[in-house]
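Heads up: the structure comes next, in structure tokens.
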There are 2 protein chains.
Amino acid sequence: MRAEVVGVGTELLLGQIPNTNAQWISERLAEIGVDVLHHQVVGDNPERIEEALRHAISHADVAIVTGGLGPTQDDITRQAVAVVAGARMLRRPELEEMIREKFARATRQMPQSNLVQADVPEGARVILPERGTAPGLAVEIEGTLLYALPGVPAEMREMMEETVLPELASLAGPASIASRIIRCVGIPESRVAELTDDLFQASANPTVAYLAGGGEVKVRFTAKASSREDAEALLEPLVEEVVRRIGDHVFTTTDEELEETVGRLLRDAGKTLACAESLTGGELGARITSVPGASEYFLGSAVCYSPMAKRTILGVSQETIDGPGVVSAECAREMAWGARRLFGADIAVALTGAAGPQPHGGAEPGQIWAALEAEGVSHQRGLRSPGDRDLVRRWAEQAGLDLVRRHLQGKLLPDDHRQA
Amino acid sequence: MRAEVVGVGTELLLGQIPNTNAQWISERLAEIGVDVLHHQVVGDNPERIEEALRHAISHADVAIVTGGLGPTQDDITRQAVAVVAGARMLRRPELEEMIREKFARATRQMPQSNLVQADVPEGARVILPERGTAPGLAVEIEGTLLYALPGVPAEMREMMEETVLPELASLAGPASIASRIIRCVGIPESRVAELTDDLFQASANPTVAYLAGGGEVKVRFTAKASSREDAEALLEPLVEEVVRRIGDHVFTTTDEELEETVGRLLRDAGKTLACAESLTGGELGARITSVPGASEYFLGSAVCYSPMAKRTILGVSQETIDGPGVVSAECAREMAWGARRLFGADIAVALTGAAGPQPHGGAEPGQIWAALEAEGVSHQRGLRSPGDRDLVRRWAEQAGLDLVRRHLQGKLLPDDHRQA
């Protein structure tokens, strides 16, 4: 079963609000095995709404339209549906009654204009609202099942969950879908694809998508089968094989953030963590503490932006500052050592580097040093990040978190100076 | 000038990620007076991408396509553009060179597959990336100007701002638009609207929009005229009047971030700043250092998440920890005092609170204390934030930054315990 999703509303085309409805509807449809082929958004314009509906009807088995069912003069989805269905508009007395009653219960005066919400194209079914006053519509046009739902997310979701999804699930029959996400760090997207592409090229099921960004790569693969269990059974051996091929770069097969993985490992190991930060300015600590319950294992972070603070608070030596400089393996190591002592932590991780746009401490923008200190362990990693200030900082955080992850998993690489 | 926006990516149709690009592009196009007629999203499927492009070309003067320019086999927008343009694909040696160089600079091995990013339909212009390795494309097809941009938001935005928007603005001709944004903190949206709404009700030009979020309120007003100068002349007296009415809550009329305002004030005053953070975990420092050049005035931040770190590093007294607790005006004051001494800063600001979801230090989730210490100044502000962990942290940062702003502008309010 194939679906199109159409959003109606000039405010969407002006960029005033995000089209969250399309994402939510698509996610729900994928879960019941309905393929979404196409999203469209059109403004409050009769011809363009009609054209969008015609496109959906001629391409898909199901069209889900949201928005334009309100009581004002720019709400014209009902009329467009009637035109496309070639149906007369009829005022339904039972809807008129319901609308009057909703207003009476809210002890509000009902503007006469609200009664247009009782108009329904002949032959359409009405989906009654629990919230709001806008009824939804369901109508079959040329073999395509068209649902018109309110644009207000809560009202749309209610009708999707109580009416549309159950109807479609029973029509779609046994077809179900399942997805898995593997996330990895320290390896470029193209290398991940090279290692795993052949697993997916043979057939269109399961399918694969690679998504790079924020200093990591996501591999998402999706399988279809007659039941969710069967779809998951198709994925299970693939998950194993993909993890085997990508190796230690994989940090999760359950779609958690790297800081969640690190938090889980710290909690399991009963270890505490402290940080020393320069170029990231506190963002490493902010990410670690974005996980509820981080106080169980996180002690704090010494953000020492100035060389003086590195010296007086973290104990970085004047020789290091004058010699290799504040962006160096030596400085990172001394920062980590200082943070471990300052906070009395089991593990300390330090980040220093040149975030750009200017060179800093004799280093070019993008140069990063990460260091980890723990009982009997002293490890540094140097890398060069592309991109702007935000990306350099993000790569630095990923490198720091990855050092902690590898340390706790016994997977620390020999010190190398490559991308993390 | 009329535009269509096309997003390419199966992950969008699966609802795995929101289509934020369409909203952002639409907003920017509206600002320069380009009407967006239609959004589409299609998956990584050649026929459907081509159909979407043909629709855009036949309906609009400008088509902006995002996504599908990466190096993997599911990135096929380049090919679809070539097919629709009826053009051969040529490998551009200068792009090949650029891609090789980007990898070499990052000291990373380049997978051969990355070189497909050097393929360009004959007759197309290339938009060079600063971040990433995916070049954008610009090509005229049947009188429609088609831009193909990367799907990664930061890479797309860079090309929009530096190339696409300036090109379109100059084509859009004499119908011009100008916008101004006033941003304020410590005042609810409804109060801002109450104070200023009557200025805009008289006419549809200029228009006003209020946008609340992230612990601040934006007032955006937009005027249309035959030239940009005329449009700006319509706005100027309004800016003045709106600022007069909202008063000290306004921190910028030039759309800068609160951390930029604070940075500018610190630089102008020749003062240094240090922070002490608990619930924000380093995010306050991260925001301050997200501004290039922050090293001129920012010394660092002591992120002391554990009570022990507050005591040993910042010198918070055991009496305070045992008495009013770690979420209290006293603790915030002692943290600020400690940070000022630790870093040797002119001004120190401290944040403590309960971010949730659990109560913390005897305080309910949402309770925040901010404190500022400077020569002869000791100031605390208590507030209660609604919302989840992220929003509570954000409100805390806004309160801390706002204390510094008000201190430097001589606008500190008497200590009060209200929303910041």
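In the structure tokens, chains take the letters A, B, ... in the order shown, each chain's residues start at 1, and ligands count up from 1 in the order shown.
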Please run DSSP on the backbone and report, as a PDB file with N, CA and C atoms, in the first residue's frame, all residues within range 136-329 of chain B that come out as strand (DSSP E or B).
ATOM      1  N   GLY B 136      27.397  22.191  -4.558  1.00  0.00           N
ATOM      2  CA  GLY B 136      26.040  22.449  -5.025  1.00  0.00           C
ATOM      3  C   GLY B 136      26.046  22.724  -6.519  1.00  0.00           C
ATOM      4  N   LEU B 137      24.852  22.713  -7.102  1.00  0.00           N
ATOM      5  CA  LEU B 137      24.724  22.939  -8.540  1.00  0.00           C
ATOM      6  C   LEU B 137      23.704  24.035  -8.796  1.00  0.00           C
ATOM      7  N   ALA B 138      23.910  24.794  -9.871  1.00  0.00           N
ATOM      8  CA  ALA B 138      22.903  25.741 -10.335  1.00  0.00           C
ATOM      9  C   ALA B 138      22.796  25.557 -11.839  1.00  0.00           C
ATOM     10  N   VAL B 139      21.569  25.373 -12.342  1.00  0.00           N
ATOM     11  CA  VAL B 139      21.418  25.140 -13.774  1.00  0.00           C
ATOM     12  C   VAL B 139      20.060  25.696 -14.219  1.00  0.00           C
ATOM     13  N   GLU B 140      20.029  26.292 -15.403  1.00  0.00           N
ATOM     14  CA  GLU B 140      18.753  26.791 -15.898  1.00  0.00           C
ATOM     15  C   GLU B 140      18.134  25.737 -16.806  1.00  0.00           C
ATOM     16  N   ILE B 141      16.877  25.372 -16.537  1.00  0.00           N
ATOM     17  CA  ILE B 141      16.178  24.379 -17.355  1.00  0.00           C
ATOM     18  C   ILE B 141      14.835  24.969 -17.766  1.00  0.00           C
ATOM     19  N   THR B 144      13.587  27.932 -15.911  1.00  0.00           N
ATOM     20  CA  THR B 144      13.554  27.858 -14.442  1.00  0.00           C
ATOM     21  C   THR B 144      14.975  27.687 -13.921  1.00  0.00           C
ATOM     22  N   LEU B 145      15.281  28.458 -12.885  1.00  0.00           N
ATOM     23  CA  LEU B 145      16.597  28.376 -12.275  1.00  0.00           C
ATOM     24  C   LEU B 145      16.539  27.300 -11.201  1.00  0.00           C
ATOM     25  N   LEU B 146      17.297  26.232 -11.395  1.00  0.00           N
ATOM     26  CA  LEU B 146      17.269  25.122 -10.435  1.00  0.00           C
ATOM     27  C   LEU B 146      18.565  25.088  -9.646  1.00  0.00           C
ATOM     28  N   TYR B 147      18.431  25.081  -8.321  1.00  0.00           N
ATOM     29  CA  TYR B 147      19.586  24.925  -7.446  1.00  0.00           C
ATOM     30  C   TYR B 147      19.496  23.571  -6.761  1.00  0.00           C
ATOM     31  N   ALA B 148      20.575  22.792  -6.796  1.00  0.00           N
ATOM     32  CA  ALA B 148      20.636  21.550  -6.030  1.00  0.00           C
ATOM     33  C   ALA B 148      21.662  21.745  -4.917  1.00  0.00           C
ATOM     34  N   LEU B 149      21.211  21.607  -3.675  1.00  0.00           N
ATOM     35  CA  LEU B 149      22.057  21.901  -2.516  1.00  0.00           C
ATOM     36  C   LEU B 149      22.148  20.668  -1.623  1.00  0.00           C
ATOM     37  N   SER B 176      10.755  45.021  -2.967  1.00  0.00           N
ATOM     38  CA  SER B 176      11.724  44.665  -1.941  1.00  0.00           C
ATOM     39  C   SER B 176      11.057  44.532  -0.599  1.00  0.00           C
ATOM     40  N   ILE B 177      11.766  43.856   0.233  1.00  0.00           N
ATOM     41  CA  ILE B 177      11.254  43.565   1.555  1.00  0.00           C
ATOM     42  C   ILE B 177      12.350  43.889   2.549  1.00  0.00           C
ATOM     43  N   ALA B 178      11.968  44.383   3.710  1.00  0.00           N
ATOM     44  CA  ALA B 178      12.966  44.551   4.764  1.00  0.00           C
ATOM     45  C   ALA B 178      12.356  44.058   6.061  1.00  0.00           C
ATOM     46  N   SER B 179      13.172  43.468   6.890  1.00  0.00           N
ATOM     47  CA  SER B 179      12.707  42.957   8.172  1.00  0.00           C
ATOM     48  C   SER B 179      13.580  43.488   9.283  1.00  0.00           C
ATOM     49  N   ARG B 180      13.018  43.642  10.440  1.00  0.00           N
ATOM     50  CA  ARG B 180      13.813  43.933  11.633  1.00  0.00           C
ATOM     51  C   ARG B 180      13.359  42.992  12.721  1.00  0.00           C
ATOM     52  N   ILE B 181      14.291  42.607  13.529  1.00  0.00           N
ATOM     53  CA  ILE B 181      13.985  41.718  14.651  1.00  0.00           C
ATOM     54  C   ILE B 181      14.445  42.373  15.932  1.00  0.00           C
ATOM     55  N   ILE B 182      13.531  42.428  16.884  1.00  0.00           N
ATOM     56  CA  ILE B 182      13.866  42.910  18.218  1.00  0.00           C
ATOM     57  C   ILE B 182      13.753  41.710  19.143  1.00  0.00           C
ATOM     58  N   ARG B 183      14.778  41.478  19.940  1.00  0.00           N
ATOM     59  CA  ARG B 183      14.744  40.309  20.823  1.00  0.00           C
ATOM     60  C   ARG B 183      14.779  40.749  22.270  1.00  0.00           C
ATOM     61  N   CYS B 184      13.943  40.121  23.089  1.00  0.00           N
ATOM     62  CA  CYS B 184      13.887  40.525  24.482  1.00  0.00           C
ATOM     63  C   CYS B 184      13.842  39.316  25.400  1.00  0.00           C
ATOM     64  N   THR B 207       3.977  44.207   8.623  1.00  0.00           N
ATOM     65  CA  THR B 207       3.334  43.146   9.401  1.00  0.00           C
ATOM     66  C   THR B 207       4.223  42.800  10.588  1.00  0.00           C
ATOM     67  N   VAL B 208       3.607  42.171  11.584  1.00  0.00           N
ATOM     68  CA  VAL B 208       4.375  41.797  12.769  1.00  0.00           C
ATOM     69  C   VAL B 208       4.162  40.324  13.069  1.00  0.00           C
ATOM     70  N   ALA B 209       5.184  39.678  13.608  1.00  0.00           N
ATOM     71  CA  ALA B 209       5.044  38.314  14.116  1.00  0.00           C
ATOM     72  C   ALA B 209       5.782  38.225  15.439  1.00  0.00           C
ATOM     73  N   TYR B 210       5.146  37.561  16.416  1.00  0.00           N
ATOM     74  CA  TYR B 210       5.782  37.340  17.709  1.00  0.00           C
ATOM     75  C   TYR B 210       6.188  35.884  17.781  1.00  0.00           C
ATOM     76  N   LEU B 211       7.383  35.640  18.257  1.00  0.00           N
ATOM     77  CA  LEU B 211       7.868  34.268  18.314  1.00  0.00           C
ATOM     78  C   LEU B 211       8.530  34.062  19.671  1.00  0.00           C
ATOM     79  N   ALA B 212       7.967  33.153  20.476  1.00  0.00           N
ATOM     80  CA  ALA B 212       8.541  32.880  21.792  1.00  0.00           C
ATOM     81  C   ALA B 212       9.214  31.528  21.773  1.00  0.00           C
ATOM     82  N   GLY B 213      10.340  31.429  22.452  1.00  0.00           N
ATOM     83  CA  GLY B 213      11.016  30.134  22.520  1.00  0.00           C
ATOM     84  C   GLY B 213      12.435  30.318  23.017  1.00  0.00           C
ATOM     85  N   GLU B 216      13.223  33.462  25.380  1.00  0.00           N
ATOM     86  CA  GLU B 216      13.191  34.837  24.906  1.00  0.00           C
ATOM     87  C   GLU B 216      12.017  35.038  23.953  1.00  0.00           C
ATOM     88  N   VAL B 217      11.755  36.286  23.621  1.00  0.00           N
ATOM     89  CA  VAL B 217      10.679  36.616  22.693  1.00  0.00           C
ATOM     90  C   VAL B 217      11.273  37.443  21.562  1.00  0.00           C
ATOM     91  N   LYS B 218      10.933  37.041  20.333  1.00  0.00           N
ATOM     92  CA  LYS B 218      11.355  37.812  19.165  1.00  0.00           C
ATOM     93  C   LYS B 218      10.146  38.533  18.592  1.00  0.00           C
ATOM     94  N   VAL B 219      10.340  39.803  18.259  1.00  0.00           N
ATOM     95  CA  VAL B 219       9.330  40.552  17.534  1.00  0.00           C
ATOM     96  C   VAL B 219       9.916  40.823  16.160  1.00  0.00           C
ATOM     97  N   ARG B 220       9.270  40.253  15.143  1.00  0.00           N
ATOM     98  CA  ARG B 220       9.813  40.427  13.811  1.00  0.00           C
ATOM     99  C   ARG B 220       8.827  41.246  13.004  1.00  0.00           C
ATOM    100  N   PHE B 221       9.238  42.385  12.436  1.00  0.00           N
ATOM    101  CA  PHE B 221       8.327  43.102  11.570  1.00  0.00           C
ATOM    102  C   PHE B 221       8.949  43.337  10.212  1.00  0.00           C
ATOM    103  N   THR B 222       8.067  43.255   9.224  1.00  0.00           N
ATOM    104  CA  THR B 222       8.498  43.178   7.841  1.00  0.00           C
ATOM    105  C   THR B 222       7.715  44.196   7.030  1.00  0.00           C
ATOM    106  N   ALA B 223       8.405  44.975   6.221  1.00  0.00           N
ATOM    107  CA  ALA B 223       7.745  45.966   5.371  1.00  0.00           C
ATOM    108  C   ALA B 223       8.072  45.695   3.906  1.00  0.00           C
ATOM    109  N   LYS B 224       7.137  46.014   3.050  1.00  0.00           N
ATOM    110  CA  LYS B 224       7.327  45.893   1.607  1.00  0.00           C
ATOM    111  C   LYS B 224       7.304  47.274   0.983  1.00  0.00           C
ATOM    112  N   ALA B 225       8.163  47.489   0.015  1.00  0.00           N
ATOM    113  CA  ALA B 225       8.144  48.769  -0.709  1.00  0.00           C
ATOM    114  C   ALA B 225       8.857  48.556  -2.034  1.00  0.00           C
ATOM    115  N   VAL B 250      14.628  44.539  26.146  1.00  0.00           N
ATOM    116  CA  VAL B 250      15.212  44.389  24.806  1.00  0.00           C
ATOM    117  C   VAL B 250      16.726  44.266  24.916  1.00  0.00           C
ATOM    118  N   PHE B 251      17.286  43.200  24.352  1.00  0.00           N
ATOM    119  CA  PHE B 251      18.752  43.114  24.365  1.00  0.00           C
ATOM    120  C   PHE B 251      19.368  43.353  23.002  1.00  0.00           C
ATOM    121  N   THR B 252      18.590  43.265  21.928  1.00  0.00           N
ATOM    122  CA  THR B 252      19.173  43.568  20.623  1.00  0.00           C
ATOM    123  C   THR B 252      18.104  44.019  19.624  1.00  0.00           C
ATOM    124  N   LEU B 273      35.282  37.779  32.135  1.00  0.00           N
ATOM    125  CA  LEU B 273      34.156  37.039  32.717  1.00  0.00           C
ATOM    126  C   LEU B 273      34.572  35.606  33.022  1.00  0.00           C
ATOM    127  N   ALA B 274      34.093  35.078  34.135  1.00  0.00           N
ATOM    128  CA  ALA B 274      34.217  33.650  34.431  1.00  0.00           C
ATOM    129  C   ALA B 274      32.859  33.146  34.914  1.00  0.00           C
ATOM    130  N   CYS B 275      32.640  31.842  34.820  1.00  0.00           N
ATOM    131  CA  CYS B 275      31.364  31.260  35.225  1.00  0.00           C
ATOM    132  C   CYS B 275      31.571  30.133  36.219  1.00  0.00           C
ATOM    133  N   ALA B 276      30.521  29.869  36.981  1.00  0.00           N
ATOM    134  CA  ALA B 276      30.432  28.640  37.764  1.00  0.00           C
ATOM    135  C   ALA B 276      29.085  28.024  37.416  1.00  0.00           C
ATOM    136  N   GLU B 277      29.097  26.749  37.044  1.00  0.00           N
ATOM    137  CA  GLU B 277      27.864  26.130  36.556  1.00  0.00           C
ATOM    138  C   GLU B 277      27.582  24.832  37.289  1.00  0.00           C
ATOM    139  N   PHE B 298      36.624  36.021  27.874  1.00  0.00           N
ATOM    140  CA  PHE B 298      36.155  34.881  28.657  1.00  0.00           C
ATOM    141  C   PHE B 298      37.338  34.075  29.174  1.00  0.00           C
ATOM    142  N   LEU B 299      37.378  33.837  30.484  1.00  0.00           N
ATOM    143  CA  LEU B 299      38.509  33.107  31.077  1.00  0.00           C
ATOM    144  C   LEU B 299      38.195  31.617  31.226  1.00  0.00           C
ATOM    145  N   GLY B 300      36.964  31.300  31.607  1.00  0.00           N
ATOM    146  CA  GLY B 300      36.624  29.894  31.767  1.00  0.00           C
ATOM    147  C   GLY B 300      35.413  29.701  32.644  1.00  0.00           C
ATOM    148  N   SER B 301      35.067  28.436  32.858  1.00  0.00           N
ATOM    149  CA  SER B 301      33.901  28.105  33.663  1.00  0.00           C
ATOM    150  C   SER B 301      34.217  26.893  34.521  1.00  0.00           C
ATOM    151  N   ALA B 302      33.889  26.995  35.802  1.00  0.00           N
ATOM    152  CA  ALA B 302      34.064  25.840  36.681  1.00  0.00           C
ATOM    153  C   ALA B 302      32.726  25.105  36.750  1.00  0.00           C
ATOM    154  N   VAL B 303      32.640  23.992  36.009  1.00  0.00           N
ATOM    155  CA  VAL B 303      31.418  23.193  36.024  1.00  0.00           C
ATOM    156  C   VAL B 303      31.548  22.224  37.187  1.00  0.00           C
ATOM    157  N   CYS B 304      30.827  22.521  38.262  1.00  0.00           N
ATOM    158  CA  CYS B 304      30.934  21.707  39.479  1.00  0.00           C
ATOM    159  C   CYS B 304      29.604  21.031  39.711  1.00  0.00           C
TER     160      CYS B 304
END
Per-residue nearest contacts of chain A to chain B (6 Å; only C-alpha atoms) as JSON lines:
{"residue": "A:Leu13", "atom": "CA", "partner": "B:Val36", "partner_atom": "CA", "distance": 5.7}
{"residue": "A:Leu14", "atom": "CA", "partner": "B:Ser26", "partner_atom": "CA", "distance": 5.4}
{"residue": "A:Gly15", "atom": "CA", "partner": "B:Gln23", "partner_atom": "CA", "distance": 4.3}
{"residue": "A:Pro18", "atom": "CA", "partner": "B:Gln23", "partner_atom": "CA", "distance": 5.7}
{"residue": "A:Gln23", "atom": "CA", "partner": "B:Gly15", "partner_atom": "CA", "distance": 4.3}
{"residue": "A:Ser26", "atom": "CA", "partner": "B:Gly15", "partner_atom": "CA", "distance": 4.9}
{"residue": "A:Glu27", "atom": "CA", "partner": "B:Gly15", "partner_atom": "CA", "distance": 4.5}
{"residue": "A:Val36", "atom": "CA", "partner": "B:Leu13", "partner_atom": "CA", "distance": 5.8}
{"residue": "A:His38", "atom": "CA", "partner": "B:Val42", "partner_atom": "CA", "distance": 5.1}
{"residue": "A:His39", "atom": "CA", "partner": "B:Val41", "partner_atom": "CA", "distance": 4.8}
{"residue": "A:Gln40", "atom": "CA", "partner": "B:Gln40", "partner_atom": "CA", "distance": 4.4}
{"residue": "A:Val41", "atom": "CA", "partner": "B:His39", "partner_atom": "CA", "distance": 4.8}
{"residue": "A:Val42", "atom": "CA", "partner": "B:His38", "partner_atom": "CA", "distance": 5.1}
{"residue": "A:Gly281", "atom": "CA", "partner": "B:Ala286", "partner_atom": "CA", "distance": 4.4}
{"residue": "A:Gly282", "atom": "CA", "partner": "B:Gly282", "partner_atom": "CA", "distance": 3.8}
{"residue": "A:Glu283", "atom": "CA", "partner": "B:Ala286", "partner_atom": "CA", "distance": 5.0}
{"residue": "A:Gly285", "atom": "CA", "partner": "B:Gly281", "partner_atom": "CA", "distance": 5.2}
{"residue": "A:Ala286", "atom": "CA", "partner": "B:Gly281", "partner_atom": "CA", "distance": 4.4}
{"residue": "A:Thr289", "atom": "CA", "partner": "B:Gly281", "partner_atom": "CA", "distance": 5.6}
{"residue": "A:Leu299", "atom": "CA", "partner": "B:Ser306", "partner_atom": "CA", "distance": 5.1}
{"residue": "A:Gly300", "atom": "CA", "partner": "B:Cys304", "partner_atom": "CA", "distance": 4.6}
{"residue": "A:Ser301", "atom": "CA", "partner": "B:Val303", "partner_atom": "CA", "distance": 4.8}
{"residue": "A:Ala302", "atom": "CA", "partner": "B:Ala302", "partner_atom": "CA", "distance": 5.0}
{"residue": "A:Val303", "atom": "CA", "partner": "B:Ser301", "partner_atom": "CA", "distance": 4.8}
{"residue": "A:Cys304", "atom": "CA", "partner": "B:Gly300", "partner_atom": "CA", "distance": 4.6}
{"residue": "A:Tyr305", "atom": "CA", "partner": "B:Gly300", "partner_atom": "CA", "distance": 4.9}
{"residue": "A:Ser306", "atom": "CA", "partner": "B:Leu299", "partner_atom": "CA", "distance": 5.1}
{"residue": "A:Arg384", "atom": "CA", "partner": "B:Ala106", "partner_atom": "CA", "distance": 5.1}
{"residue": "A:Gly387", "atom": "CA", "partner": "B:Arg131", "partner_atom": "CA", "distance": 4.4}
With chain A superposed on chain B over the full set of C-alpha atoms in order, the residual RMSD is 6.3 Å
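Once Leu168 in chain B and its same-chain neighbours fewer than 5 positions away are set aside, Met1, Leu29, Ile32, Gly33, Val34, Val62, Leu145, Met160, Thr163 and Gly173 of chain B remain within 10 Å of it when counting only C-alpha atoms.
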